>>> print(open('protein.txt').read())   # compact mmCIF, C-alpha atoms and all ligand atoms
# COMPACT_ATOMS: atom_id res chain seq x y z
CA MET A 5 -7.71 280.04 118.93
CA LYS A 6 -7.04 276.88 116.88
CA ALA A 7 -10.15 275.05 115.61
CA GLU A 8 -10.66 271.57 117.09
CA PRO A 9 -10.28 268.78 114.49
CA SER A 10 -13.41 266.86 113.55
CA LEU A 11 -13.85 263.29 112.30
CA ASN A 12 -17.22 263.92 110.57
CA ILE A 13 -17.28 262.97 106.95
CA THR A 14 -19.91 262.85 104.20
CA VAL A 15 -19.32 260.17 101.56
CA ASN A 16 -21.67 259.69 98.58
CA GLY A 17 -24.26 261.68 100.51
CA MET A 18 -24.00 259.47 103.64
CA GLU A 19 -23.17 261.49 106.75
CA PHE A 20 -20.77 259.57 109.00
CA ASP A 21 -20.09 260.78 112.55
CA ASN A 22 -16.57 259.37 112.08
CA PRO A 23 -14.84 257.31 109.36
CA PHE A 24 -14.65 254.05 111.37
CA LEU A 25 -17.01 251.35 110.08
CA LEU A 26 -17.22 247.78 111.26
CA ALA A 27 -16.43 245.65 108.20
CA SER A 28 -18.68 242.88 106.98
CA GLY A 29 -18.10 239.80 109.13
CA PRO A 30 -18.80 238.64 112.69
CA PRO A 31 -18.98 242.25 114.05
CA GLY A 32 -22.19 242.82 112.04
CA THR A 33 -23.77 239.42 112.29
CA ASN A 34 -27.20 240.46 113.69
CA ALA A 35 -29.22 243.49 114.81
CA ARG A 36 -28.13 243.18 118.43
CA VAL A 37 -24.41 243.56 117.72
CA ILE A 38 -24.98 246.22 115.03
CA MET A 39 -26.96 248.37 117.47
CA LYS A 40 -24.31 247.76 120.15
CA SER A 41 -21.66 249.04 117.72
CA PHE A 42 -23.70 252.22 117.16
CA ASP A 43 -24.03 252.73 120.93
CA LEU A 44 -20.27 252.42 121.28
CA GLY A 45 -19.59 255.10 118.66
CA TRP A 46 -18.76 253.37 115.38
CA GLY A 47 -19.43 255.66 112.42
CA GLY A 48 -21.17 252.90 110.50
CA ASN A 49 -21.67 249.17 110.22
CA VAL A 50 -21.47 247.00 107.10
CA CYS A 51 -23.54 243.95 108.00
CA LYS A 52 -22.35 240.39 107.48
CA THR A 53 -22.96 239.55 103.79
CA ILE A 54 -26.47 238.30 103.10
CA SER A 55 -28.06 236.48 100.16
CA LEU A 56 -31.63 235.56 99.18
CA ASP A 57 -31.37 231.89 100.10
CA ALA A 58 -29.48 231.31 103.34
CA SER A 59 -30.28 227.58 103.33
CA LYS A 60 -27.47 227.07 100.80
CA VAL A 61 -24.93 228.45 103.32
CA VAL A 62 -23.48 225.78 105.62
CA ASN A 63 -20.54 226.70 107.84
CA THR A 64 -17.96 224.40 109.43
CA ASN A 65 -16.34 224.23 112.85
CA PRO A 66 -13.57 225.13 113.34
CA ARG A 67 -13.43 227.86 110.74
CA TYR A 68 -10.70 230.16 112.10
CA GLY A 69 -6.92 229.76 112.27
CA LYS A 70 -4.44 232.16 113.89
CA LEU A 71 -0.83 232.99 113.06
CA ARG A 72 0.78 233.80 116.41
CA ASP A 73 3.90 235.79 117.22
CA PRO A 74 6.52 233.09 118.04
CA ASP A 75 8.00 235.34 120.77
CA ASP A 76 4.66 236.14 122.38
CA ARG A 77 2.04 233.45 121.70
CA LYS A 78 -0.71 235.76 123.00
CA LYS A 79 -0.19 238.11 120.06
CA VAL A 80 -2.08 237.26 116.85
CA MET A 81 -0.29 238.51 113.75
CA GLY A 82 -2.57 237.03 111.11
CA PHE A 83 -6.01 235.47 111.06
CA GLU A 84 -7.46 233.00 108.57
CA ASN A 85 -11.13 232.17 108.18
CA ILE A 86 -13.09 229.73 106.08
CA GLU A 87 -16.39 231.28 107.14
CA LEU A 88 -19.09 231.76 104.52
CA ILE A 89 -21.64 234.58 104.25
CA SER A 90 -24.56 234.81 106.71
CA ASP A 91 -26.54 231.63 107.27
CA ARG A 92 -29.43 233.56 108.88
CA PRO A 93 -32.73 233.71 106.92
CA PHE A 94 -33.14 236.63 104.50
CA ASP A 95 -36.54 237.61 105.93
CA THR A 96 -35.07 237.83 109.43
CA TRP A 97 -32.44 240.21 108.10
CA LEU A 98 -35.11 242.38 106.42
CA GLU A 99 -37.03 242.67 109.71
CA GLU A 100 -33.82 243.52 111.56
CA PHE A 101 -32.82 246.23 109.07
CA VAL A 102 -36.21 247.92 109.57
CA GLU A 103 -35.82 247.73 113.35
CA ILE A 104 -32.25 249.07 113.32
CA LYS A 105 -33.12 252.04 111.09
CA LYS A 106 -36.21 252.77 113.27
CA ARG A 107 -34.06 252.91 116.38
CA TYR A 108 -30.92 254.45 114.85
CA PRO A 109 -32.11 256.68 111.97
CA LYS A 110 -28.90 258.73 111.91
CA HIS A 111 -26.36 255.90 112.08
CA ILE A 112 -25.11 254.56 108.76
CA LEU A 113 -26.12 250.99 108.03
CA ILE A 114 -24.67 249.45 104.88
CA ALA A 115 -26.05 246.16 103.62
CA SER A 116 -23.45 243.79 102.24
CA ILE A 117 -25.11 241.65 99.60
CA MET A 118 -24.07 238.78 97.35
CA GLU A 119 -25.93 236.77 94.75
CA GLU A 120 -25.40 234.26 91.99
CA TYR A 121 -24.62 235.39 88.43
CA ARG A 122 -28.26 236.14 87.59
CA LYS A 123 -29.69 239.58 86.89
CA GLU A 124 -33.08 238.79 88.50
CA ALA A 125 -31.42 237.60 91.71
CA TRP A 126 -29.24 240.72 92.06
CA GLN A 127 -32.14 243.04 91.28
CA GLU A 128 -34.47 241.24 93.67
CA ILE A 129 -32.05 241.44 96.59
CA VAL A 130 -31.35 245.14 95.93
CA GLU A 131 -35.02 246.07 95.75
CA ARG A 132 -36.10 244.10 98.81
CA VAL A 133 -33.20 245.28 100.97
CA GLN A 134 -33.40 248.96 100.02
CA ALA A 135 -37.12 248.96 100.90
CA THR A 136 -36.06 248.47 104.56
CA GLY A 137 -34.38 251.88 104.69
CA VAL A 138 -30.70 250.87 104.83
CA ASP A 139 -28.36 253.71 103.85
CA GLY A 140 -26.20 252.01 101.24
CA PHE A 141 -25.02 248.78 99.65
CA GLU A 142 -21.68 247.03 99.57
CA LEU A 143 -21.58 244.40 96.82
CA ASN A 144 -19.52 241.45 97.98
CA LEU A 145 -17.68 240.54 94.76
CA SER A 146 -14.72 239.30 96.70
CA CYS A 147 -15.21 236.48 99.20
CA PRO A 148 -12.30 234.17 98.31
CA HIS A 149 -13.42 230.80 99.67
CA GLY A 150 -16.50 228.57 99.50
CA LEU A 151 -18.60 230.98 97.46
CA PRO A 152 -16.39 230.89 94.34
CA GLU A 153 -17.34 227.19 94.16
CA ARG A 154 -20.85 228.54 93.45
CA LYS A 155 -19.41 231.12 90.99
CA MET A 156 -20.04 233.89 93.54
CA GLY A 157 -17.78 236.31 95.42
CA ALA A 158 -14.20 236.47 94.17
CA ALA A 159 -15.15 234.34 91.15
CA MET A 160 -17.06 237.41 89.92
CA GLY A 161 -14.79 240.10 91.33
CA GLY A 162 -11.71 238.74 89.57
CA ASP A 163 -13.31 239.22 86.15
CA PRO A 164 -13.68 242.91 85.20
CA ASP A 165 -16.31 242.17 82.51
CA ILE A 166 -18.54 240.37 85.01
CA VAL A 167 -17.97 243.13 87.59
CA ARG A 168 -19.11 245.79 85.08
CA GLU A 169 -22.17 243.74 84.14
CA VAL A 170 -23.26 242.86 87.71
CA VAL A 171 -22.75 246.41 88.96
CA GLY A 172 -24.77 247.59 85.95
CA TRP A 173 -27.68 245.30 86.93
CA VAL A 174 -27.55 246.67 90.48
CA MET A 175 -27.44 250.31 89.33
CA GLU A 176 -30.57 249.85 87.20
CA VAL A 177 -32.60 249.45 90.42
CA ALA A 178 -30.51 250.90 93.28
CA LYS A 179 -31.69 254.23 94.69
CA ILE A 180 -29.02 254.46 97.42
CA PRO A 181 -25.18 254.60 97.27
CA VAL A 182 -23.40 251.46 96.08
CA TRP A 183 -19.84 250.41 96.90
CA ALA A 184 -18.20 247.40 95.23
CA LYS A 185 -15.91 245.35 97.49
CA MET A 186 -12.80 244.05 95.81
CA THR A 187 -10.70 240.94 96.13
CA PRO A 188 -6.92 241.27 96.51
CA ASN A 189 -6.46 237.85 94.87
CA VAL A 190 -5.82 239.32 91.42
CA GLY A 191 -2.81 240.39 89.35
CA ASP A 192 -4.13 243.71 88.07
CA VAL A 193 -5.34 245.59 91.15
CA ALA A 194 -7.05 248.42 89.24
CA ALA A 195 -8.92 246.46 86.55
CA SER A 196 -12.02 245.38 88.52
CA PRO A 197 -12.39 248.65 90.48
CA LYS A 198 -12.31 250.57 87.18
CA ALA A 199 -14.91 248.17 85.72
CA ALA A 200 -17.13 248.67 88.80
CA ILE A 201 -17.00 252.44 88.32
CA GLU A 202 -17.78 252.04 84.60
CA GLY A 203 -20.78 249.93 85.70
CA GLY A 204 -21.95 252.89 87.81
CA ALA A 205 -20.72 252.09 91.37
CA HIS A 206 -20.25 255.14 93.60
CA GLY A 207 -17.38 253.73 95.62
CA ILE A 208 -14.88 250.93 96.07
CA SER A 209 -14.18 248.95 99.24
CA ALA A 210 -10.89 247.09 99.56
CA ILE A 211 -9.56 244.67 100.56
CA ASN A 212 -11.41 241.45 101.23
CA THR A 213 -9.26 238.65 102.62
CA ILE A 214 -6.18 237.16 100.96
CA LEU A 215 -6.20 233.48 99.97
CA SER A 216 -3.98 231.62 102.40
CA VAL A 217 -3.03 228.42 104.20
CA VAL A 218 -2.47 229.48 107.80
CA GLY A 219 -0.27 226.50 108.68
CA VAL A 220 0.24 222.76 108.98
CA ASP A 221 -0.17 221.00 112.33
CA LEU A 222 3.17 219.25 112.77
CA LYS A 223 1.72 216.57 115.06
CA THR A 224 -0.94 215.42 112.61
CA LEU A 225 0.62 216.78 109.40
CA ARG A 226 -2.80 218.15 108.46
CA PRO A 227 -3.37 221.68 107.11
CA MET A 228 -5.30 224.10 109.34
CA PRO A 229 -8.01 224.95 110.25
CA THR A 230 -8.64 221.19 110.14
CA VAL A 231 -12.22 219.97 109.59
CA GLU A 232 -12.43 216.16 109.79
CA GLY A 233 -8.77 216.03 108.73
CA TYR A 234 -9.16 218.34 105.73
CA THR A 235 -9.24 222.05 104.94
CA VAL A 236 -9.61 224.58 102.09
CA PRO A 237 -7.42 227.63 101.52
CA GLY A 238 -9.08 230.45 103.48
CA GLY A 239 -9.10 234.22 103.74
CA TYR A 240 -6.23 235.93 105.56
CA SER A 241 -6.77 239.15 107.53
CA GLY A 242 -5.43 241.07 110.52
CA GLN A 243 -2.21 243.03 111.12
CA ALA A 244 -0.12 240.90 108.76
CA VAL A 245 -2.14 241.94 105.69
CA ARG A 246 -1.95 245.70 106.28
CA PRO A 247 1.00 246.43 103.97
CA ILE A 248 -0.74 244.55 101.16
CA ALA A 249 -4.03 246.33 101.82
CA LEU A 250 -2.30 249.74 101.85
CA ARG A 251 -0.80 249.00 98.46
CA HIS A 252 -4.18 247.98 97.03
CA VAL A 253 -5.90 251.10 98.36
CA MET A 254 -3.10 253.26 96.94
CA GLU A 255 -3.39 251.65 93.49
CA ILE A 256 -7.19 251.98 93.50
CA ALA A 257 -7.11 255.63 94.64
CA ARG A 258 -4.65 256.45 91.85
CA ALA A 259 -6.59 254.52 89.20
CA CYS A 260 -10.03 255.88 90.16
CA PRO A 261 -9.58 259.57 91.05
CA GLY A 262 -12.64 261.22 92.55
CA VAL A 263 -14.18 257.90 93.56
CA SER A 264 -14.84 257.18 97.23
CA VAL A 265 -12.69 254.43 98.71
CA SER A 266 -13.39 252.49 101.90
CA GLY A 267 -10.06 251.03 102.98
CA MET A 268 -9.50 248.02 105.20
CA GLY A 269 -7.11 245.23 106.05
CA GLY A 270 -5.26 245.02 109.38
CA ILE A 271 -6.44 248.26 110.98
CA TYR A 272 -5.79 248.05 114.75
CA SER A 273 -5.07 251.69 115.64
CA GLY A 274 -5.97 255.24 114.66
CA GLY A 275 -2.50 255.56 113.17
CA ASP A 276 -3.17 252.56 110.91
CA ALA A 277 -6.41 254.23 109.77
CA ALA A 278 -4.56 257.51 109.12
CA GLN A 279 -2.21 255.66 106.77
CA PHE A 280 -5.14 254.37 104.69
CA ILE A 281 -6.60 257.89 104.55
CA ALA A 282 -3.21 259.35 103.53
CA LEU A 283 -3.28 256.85 100.67
CA GLY A 284 -6.71 257.97 99.48
CA ALA A 285 -9.37 256.30 101.67
CA HIS A 286 -12.48 258.27 102.68
CA THR A 287 -13.69 255.78 105.28
CA VAL A 288 -11.96 252.81 106.90
CA GLN A 289 -13.32 249.46 107.99
CA VAL A 290 -12.25 247.14 110.78
CA CYS A 291 -13.08 243.45 111.15
CA THR A 292 -10.30 241.35 112.72
CA GLY A 293 -9.07 244.29 114.83
CA ALA A 294 -12.52 244.57 116.42
CA MET A 295 -12.89 240.79 116.83
CA LEU A 296 -9.58 240.59 118.71
CA GLN A 297 -9.63 243.90 120.60
CA GLY A 298 -13.39 244.24 121.26
CA TYR A 299 -15.92 246.74 119.85
CA GLU A 300 -14.88 249.27 122.50
CA VAL A 301 -11.62 249.82 120.63
CA VAL A 302 -13.41 252.45 118.53
CA LYS A 303 -12.89 255.03 121.28
CA LYS A 304 -9.10 254.56 121.08
CA LEU A 305 -9.18 254.51 117.25
CA LYS A 306 -10.97 257.86 117.13
CA GLN A 307 -8.67 259.46 119.71
CA GLU A 308 -5.52 258.30 117.91
CA LEU A 309 -6.79 259.52 114.53
CA LEU A 310 -7.65 262.91 116.04
CA GLU A 311 -4.08 263.10 117.39
CA VAL A 312 -2.66 262.55 113.89
CA LEU A 313 -4.85 265.40 112.58
CA GLN A 314 -3.76 267.64 115.45
CA GLU A 315 -0.08 266.86 114.92
CA HIS A 316 -0.34 268.20 111.36
CA GLY A 317 -2.62 271.11 112.19
CA PHE A 318 -5.49 269.61 110.16
CA THR A 319 -9.09 270.23 111.19
CA HIS A 320 -10.74 267.81 108.77
CA LEU A 321 -10.03 264.40 107.25
CA ASP A 322 -10.12 265.94 103.75
CA GLN A 323 -6.78 267.61 104.56
CA LEU A 324 -5.14 264.26 105.31
CA ARG A 325 -6.69 262.32 102.44
CA GLY A 326 -4.27 261.35 99.69
CA LYS A 327 -1.35 263.28 101.25
CA ALA A 328 1.06 260.36 100.68
CA LEU A 329 -0.21 259.49 97.20
CA ASP A 330 2.10 261.73 95.18
CA TYR A 331 5.25 260.11 96.50
CA PHE A 332 5.23 256.88 94.53
CA THR A 333 7.55 256.79 91.56
CA THR A 334 9.74 254.41 89.57
CA HIS A 335 12.92 252.73 90.78
CA ALA A 336 14.95 254.58 88.13
CA ASP A 337 13.60 257.88 89.48
CA LEU A 338 14.56 256.89 93.05
CA VAL A 339 18.13 256.22 91.87
CA ALA A 340 18.28 259.55 90.00
CA ARG A 341 16.94 261.41 93.05
CA GLN A 342 19.52 259.77 95.30
CA ARG A 343 22.36 260.69 92.88
CA ARG A 344 21.21 264.30 92.75
CA ALA A 345 20.92 264.47 96.55
CA LYS A 346 24.43 263.01 96.96
CA ALA A 347 25.91 265.43 94.41
CA ALA A 348 24.23 268.37 96.17
CA LYS A 349 25.67 267.22 99.52
CA ILE A 350 29.21 266.96 98.08
CA GLY A 351 28.71 270.35 96.41
CA ALA A 352 27.59 271.83 99.73
CA GLY A 353 30.60 270.17 101.41
CA ARG A 354 32.96 271.76 98.88
CA ASP A 355 31.37 275.13 99.42
CA ALA A 356 31.83 274.81 103.16
CA GLU A 357 35.46 273.87 102.66
CA THR A 358 36.08 276.83 100.35
CA TRP A 359 34.36 279.08 102.84
CA ARG A 360 36.48 277.71 105.72
CA GLY A 361 39.60 278.22 103.56
CA GLN A 362 38.68 281.84 102.90
CA ILE A 363 38.12 282.55 106.59
CA LYS A 364 41.49 280.97 107.41
CA GLU A 365 43.27 283.10 104.79
CA GLU A 366 41.64 286.24 106.11
CA THR A 367 42.38 285.34 109.76
CA ASP A 368 46.00 284.51 108.84
CA ALA A 369 46.30 287.84 107.05
CA LEU A 370 44.94 289.74 110.07
CA THR A 371 47.14 287.95 112.63
CA SER A 372 50.33 288.27 110.56
CA ASN A 373 50.03 292.09 110.63
C1 LIG B 1 -14.30 235.82 110.23
C2 LIG B 1 -14.44 236.76 109.08
C3 LIG B 1 -15.61 236.76 108.32
C4 LIG B 1 -15.74 237.63 107.23
N1 LIG B 1 -16.92 237.66 106.52
C5 LIG B 1 -17.08 238.55 105.51
C6 LIG B 1 -18.31 238.66 104.81
O1 LIG B 1 -19.31 238.00 105.12
N2 LIG B 1 -18.39 239.55 103.79
C7 LIG B 1 -17.33 240.34 103.41
O2 LIG B 1 -17.45 241.16 102.49
N3 LIG B 1 -16.16 240.27 104.07
C8 LIG B 1 -16.01 239.39 105.10
N4 LIG B 1 -14.81 239.35 105.78
C9 LIG B 1 -13.69 240.20 105.34
C10 LIG B 1 -13.60 241.50 106.13
O3 LIG B 1 -14.75 242.29 105.97
C11 LIG B 1 -12.36 242.33 105.68
O4 LIG B 1 -12.50 242.64 104.31
C12 LIG B 1 -11.04 241.61 105.88
O5 LIG B 1 -11.09 240.74 106.99
C13 LIG B 1 -9.86 242.56 106.04
O6 LIG B 1 -10.01 243.43 107.13
P1 LIG B 1 -9.45 243.12 108.64
O7 LIG B 1 -7.98 242.84 108.52
O8 LIG B 1 -9.79 244.35 109.43
O9 LIG B 1 -10.19 241.93 109.13
C14 LIG B 1 -14.67 238.49 106.88
C15 LIG B 1 -13.50 238.48 107.65
C16 LIG B 1 -13.37 237.64 108.73
C17 LIG B 1 -12.10 237.66 109.54
>>> encode(input="protein.txt", output="structure tokens", more="lines below")
Ligand SMILES: Cc1cc2nc3c(=O)[nH]c(=O)nc-3n(C[C@H](O)[C@H](O)[C@H](O)COP(=O)(O)O)c2cc1C
Amino acid sequence: MKAEPSLNITVNGMEFDNPFLLASGPPGTNARVIMKSFDLGWGGNVCKTISLDASKVVNTNPRYGKLRDPDDRKKVMGFENIELISDRPFDTWLEEFVEIKKRYPKHILIASIMEEYRKEAWQEIVERVQATGVDGFELNLSCPHGLPERKMGAAMGGDPDIVREVVGWVMEVAKIPVWAKMTPNVGDVAASPKAAIEGGAHGISAINTILSVVGVDLKTLRPMPTVEGYTVPGGYSGQAVRPIALRHVMEIARACPGVSVSGMGGIYSGGDAAQFIALGAHTVQVCTGAMLQGYEVVKKLKQELLEVLQEHGFTHLDQLRGKALDYFTTHADLVARQRRAKAAKIGAGRDAETWRGQIKEETDALTSN
């Protein structure tokens, strides 16, 4: 009898029931929704990014903009946000982490944290948060809007030297696994992930959102989302970013072999998740897909991923991981491969012709007697 496939996975010592995590953002904005996500079967939850002083975080309304399918306005292809990190008090978060871990000791809770470029601040947030019993950290070195104005987020993540240094500060005091979350708004995709690993990080998460302008309102001629007539470039996510995210995860997996990767960007189905895993991801994260489809979508995601495993006769995610990674090459090699394939086809064609000719000669010889 064939063994049933399983979605269990252990990453950096953390035991996930399945590889689907809710990504940092609205789906992990307080204890109530985090516990709801555990009840519904998510393998883990990366909370909305927190910092020591929430009073500095002031959000705007509106802060979302949608790129809709012109043929079906109900379908959202891309999603832009200018939302900042959590504006809820740090002490409230600490109390909630304790409560969540008390009620859900086996579910994986990852604290997404961000601080200013100060060693004491990073070490203080790590020490106070890990005392609550959370399972791991994700360092937000990647938020592309608002925070870079305070030299935080992507302002740090885009500079490999700062990434190495900040991760190093964190690793001096962290006693639990640490993932560094990367920005896609860089030229050299592998530089900061490599620096994070040199600094001691256990894993890399990618991608955060892509800097974007979602559109211009043609009635008012103002860019969107419009706040009192103005806007800032925001972070783009959702289905439209998936091809870009897949490329980033592939580059990171190739540049950092043996390092755990948590892949995200436009995951809406189990098949989307399987593609990230085939390109080297250990776990996958979902933000916009869960915001638009509801938390319950996890049931469908798990079923569809199991079907991909079954189709290939795999019983564990390890067998799928990285399967597509070896098939990237250079353009010159693609051309050479195509030439060889064409020549082999013509060769085979010639052989078939020769063979047909021989049969004809033999048949002719037989019938003429
Ligand atoms: C409204 C919104 C808020 C977000 N807030 C955070 C955040 O606080 N910290 C963070 O690391 N990423 C944040 N993200 C980025 C997501 O975690 C994720 O990296 C990105 O959206 C790509 O995944 P997706 O296409 O599944 O949304 C946010 C995304 C959205 C849409």
>>> axis_aligned_box(input="protein.txt", around="ligand LIG 1 (chain B)", padding_each_side="5 Å", output="AutoDock Vina command-line options")
--center_x -13.6 --center_y 240.1 --center_z 106.4 --size_x 21.3 --size_y 18.5 --size_z 17.7
>>> residues_near_ligand(input="protein.txt", ligand="ligand LIG 1 (chain B)", cutoff="6 Å", atoms="all atoms listed in the file", output="list in words")
Ala27, Ser28, Gly29, Pro30, Lys52, Thr53, Asn85, Glu87, Ile89, Asn144, Ile211, Asn212, Thr213, Ser241, Gly242, Met268, Gly269, Gly270, Ile271, Val290, Cys291, Thr292 and Gly293 of chain A
>>> residues_around(input="protein.txt", residues="A:Asp91", least_positions_apart="6", cutoff="10 Å", atoms="all atoms listed in the file", output="MDAnalysis selection string")
chainID A and resid 33 52:55 57:63
>>> closest_residue(input="protein.txt", among="A:Met18, A:Ala348, A:Tyr121, A:Val102", to="A:Arg154", atoms="only C-alpha atoms")
A:Tyr121
>>> residues_around(input="protein.txt", residues="stretch 162-168 of chain A", least_positions_apart="5", cutoff="8 Å", atoms="only C-alpha atoms", output="PyMOL selection string")
chain A and resi 145-146+187+189-190+195-197+199-203
>>> residues_around(input="protein.txt", residues="A:Arg36", least_positions_apart="2", cutoff="12 Å", atoms="all atoms listed in the file", output="PyMOL selection string")
chain A and resi 30-34+38-43+51+97+100-101+103-104+107
>>> write_last_selection(input="protein.txt", atoms="C-alpha atoms", output="compact mmCIF listing (two decimals), in the coordinates of the input")
# COMPACT_ATOMS: atom_id res chain seq x y z
CA PRO A 30 -18.80 238.64 112.69
CA PRO A 31 -18.98 242.25 114.05
CA GLY A 32 -22.19 242.82 112.04
CA THR A 33 -23.77 239.42 112.29
CA ASN A 34 -27.20 240.46 113.69
CA ILE A 38 -24.98 246.22 115.03
CA MET A 39 -26.96 248.37 117.47
CA LYS A 40 -24.31 247.76 120.15
CA SER A 41 -21.66 249.04 117.72
CA PHE A 42 -23.70 252.22 117.16
CA ASP A 43 -24.03 252.73 120.93
CA CYS A 51 -23.54 243.95 108.00
CA TRP A 97 -32.44 240.21 108.10
CA GLU A 100 -33.82 243.52 111.56
CA PHE A 101 -32.82 246.23 109.07
CA GLU A 103 -35.82 247.73 113.35
CA ILE A 104 -32.25 249.07 113.32
CA ARG A 107 -34.06 252.91 116.38
>>> residues_near_point(input="protein.txt", point="(-28.0, 256.7, 112.3)", cutoff="10 Å", atoms="all atoms listed in the file", output="count of residues only")
20
>>> residues_around(input="protein.txt", residues="A:Glu84", least_positions_apart="4", cutoff="7 Å", atoms="all atoms listed in the file", output="VMD selection string")
chain A and resid 68 to 70 218 238 to 241
>>> residues_around(input="protein.txt", residues="A:Ala125", least_positions_apart="6", cutoff="10 Å", atoms="all atoms listed in the file", output="number ranges by chain")
A: 55-56, 118-119, 173-174
>>> closest_residue(input="protein.txt", among="A:Gly274, A:Pro23, A:Gly326, A:Gly45", to="A:Leu310", atoms="all atoms listed in the file")
A:Gly274
>>> closest_residue(input="protein.txt", among="A:Leu250, A:Val231, A:Val301, A:Ile180", to="A:Thr64", atoms="only C-alpha atoms")
A:Val231
>>> decode(input="protein.txt", residues="stretch 342-353 of chain A", atoms="N, CA and C atoms", output="PDB file, in the first residue's frame")
ATOM      1  N   GLN A 342      18.909  23.604 -27.887  1.00  0.00           N
ATOM      2  CA  GLN A 342      17.884  23.551 -28.924  1.00  0.00           C
ATOM      3  C   GLN A 342      18.486  23.037 -30.246  1.00  0.00           C
ATOM      4  N   ARG A 343      19.723  23.515 -30.551  1.00  0.00           N
ATOM      5  CA  ARG A 343      20.402  23.050 -31.783  1.00  0.00           C
ATOM      6  C   ARG A 343      20.612  21.546 -31.742  1.00  0.00           C
ATOM      7  N   ARG A 344      21.096  21.076 -30.576  1.00  0.00           N
ATOM      8  CA  ARG A 344      21.372  19.633 -30.454  1.00  0.00           C
ATOM      9  C   ARG A 344      20.087  18.835 -30.604  1.00  0.00           C
ATOM     10  N   ALA A 345      18.994  19.345 -29.978  1.00  0.00           N
ATOM     11  CA  ALA A 345      17.721  18.614 -30.042  1.00  0.00           C
ATOM     12  C   ALA A 345      17.222  18.550 -31.482  1.00  0.00           C
ATOM     13  N   LYS A 346      17.380  19.674 -32.214  1.00  0.00           N
ATOM     14  CA  LYS A 346      16.923  19.744 -33.613  1.00  0.00           C
ATOM     15  C   LYS A 346      17.724  18.765 -34.474  1.00  0.00           C
ATOM     16  N   ALA A 347      19.071  18.770 -34.254  1.00  0.00           N
ATOM     17  CA  ALA A 347      19.940  17.890 -35.042  1.00  0.00           C
ATOM     18  C   ALA A 347      19.571  16.435 -34.780  1.00  0.00           C
ATOM     19  N   ALA A 348      19.276  16.109 -33.502  1.00  0.00           N
ATOM     20  CA  ALA A 348      18.932  14.725 -33.158  1.00  0.00           C
ATOM     21  C   ALA A 348      17.634  14.309 -33.841  1.00  0.00           C
ATOM     22  N   LYS A 349      16.679  15.266 -33.932  1.00  0.00           N
ATOM     23  CA  LYS A 349      15.382  14.997 -34.558  1.00  0.00           C
ATOM     24  C   LYS A 349      15.582  14.693 -36.046  1.00  0.00           C
ATOM     25  N   ILE A 350      16.413  15.568 -36.710  1.00  0.00           N
ATOM     26  CA  ILE A 350      16.660  15.376 -38.141  1.00  0.00           C
ATOM     27  C   ILE A 350      17.356  14.031 -38.352  1.00  0.00           C
ATOM     28  N   GLY A 351      18.343  13.757 -37.453  1.00  0.00           N
ATOM     29  CA  GLY A 351      19.069  12.484 -37.518  1.00  0.00           C
ATOM     30  C   GLY A 351      18.094  11.327 -37.418  1.00  0.00           C
ATOM     31  N   ALA A 352      17.179  11.438 -36.427  1.00  0.00           N
ATOM     32  CA  ALA A 352      16.204  10.362 -36.228  1.00  0.00           C
ATOM     33  C   ALA A 352      15.322  10.232 -37.454  1.00  0.00           C
ATOM     34  N   GLY A 353      14.961  11.414 -38.056  1.00  0.00           N
ATOM     35  CA  GLY A 353      14.130  11.412 -39.266  1.00  0.00           C
ATOM     36  C   GLY A 353      14.831  10.675 -40.393  1.00  0.00           C
TER      37      GLY A 353
END
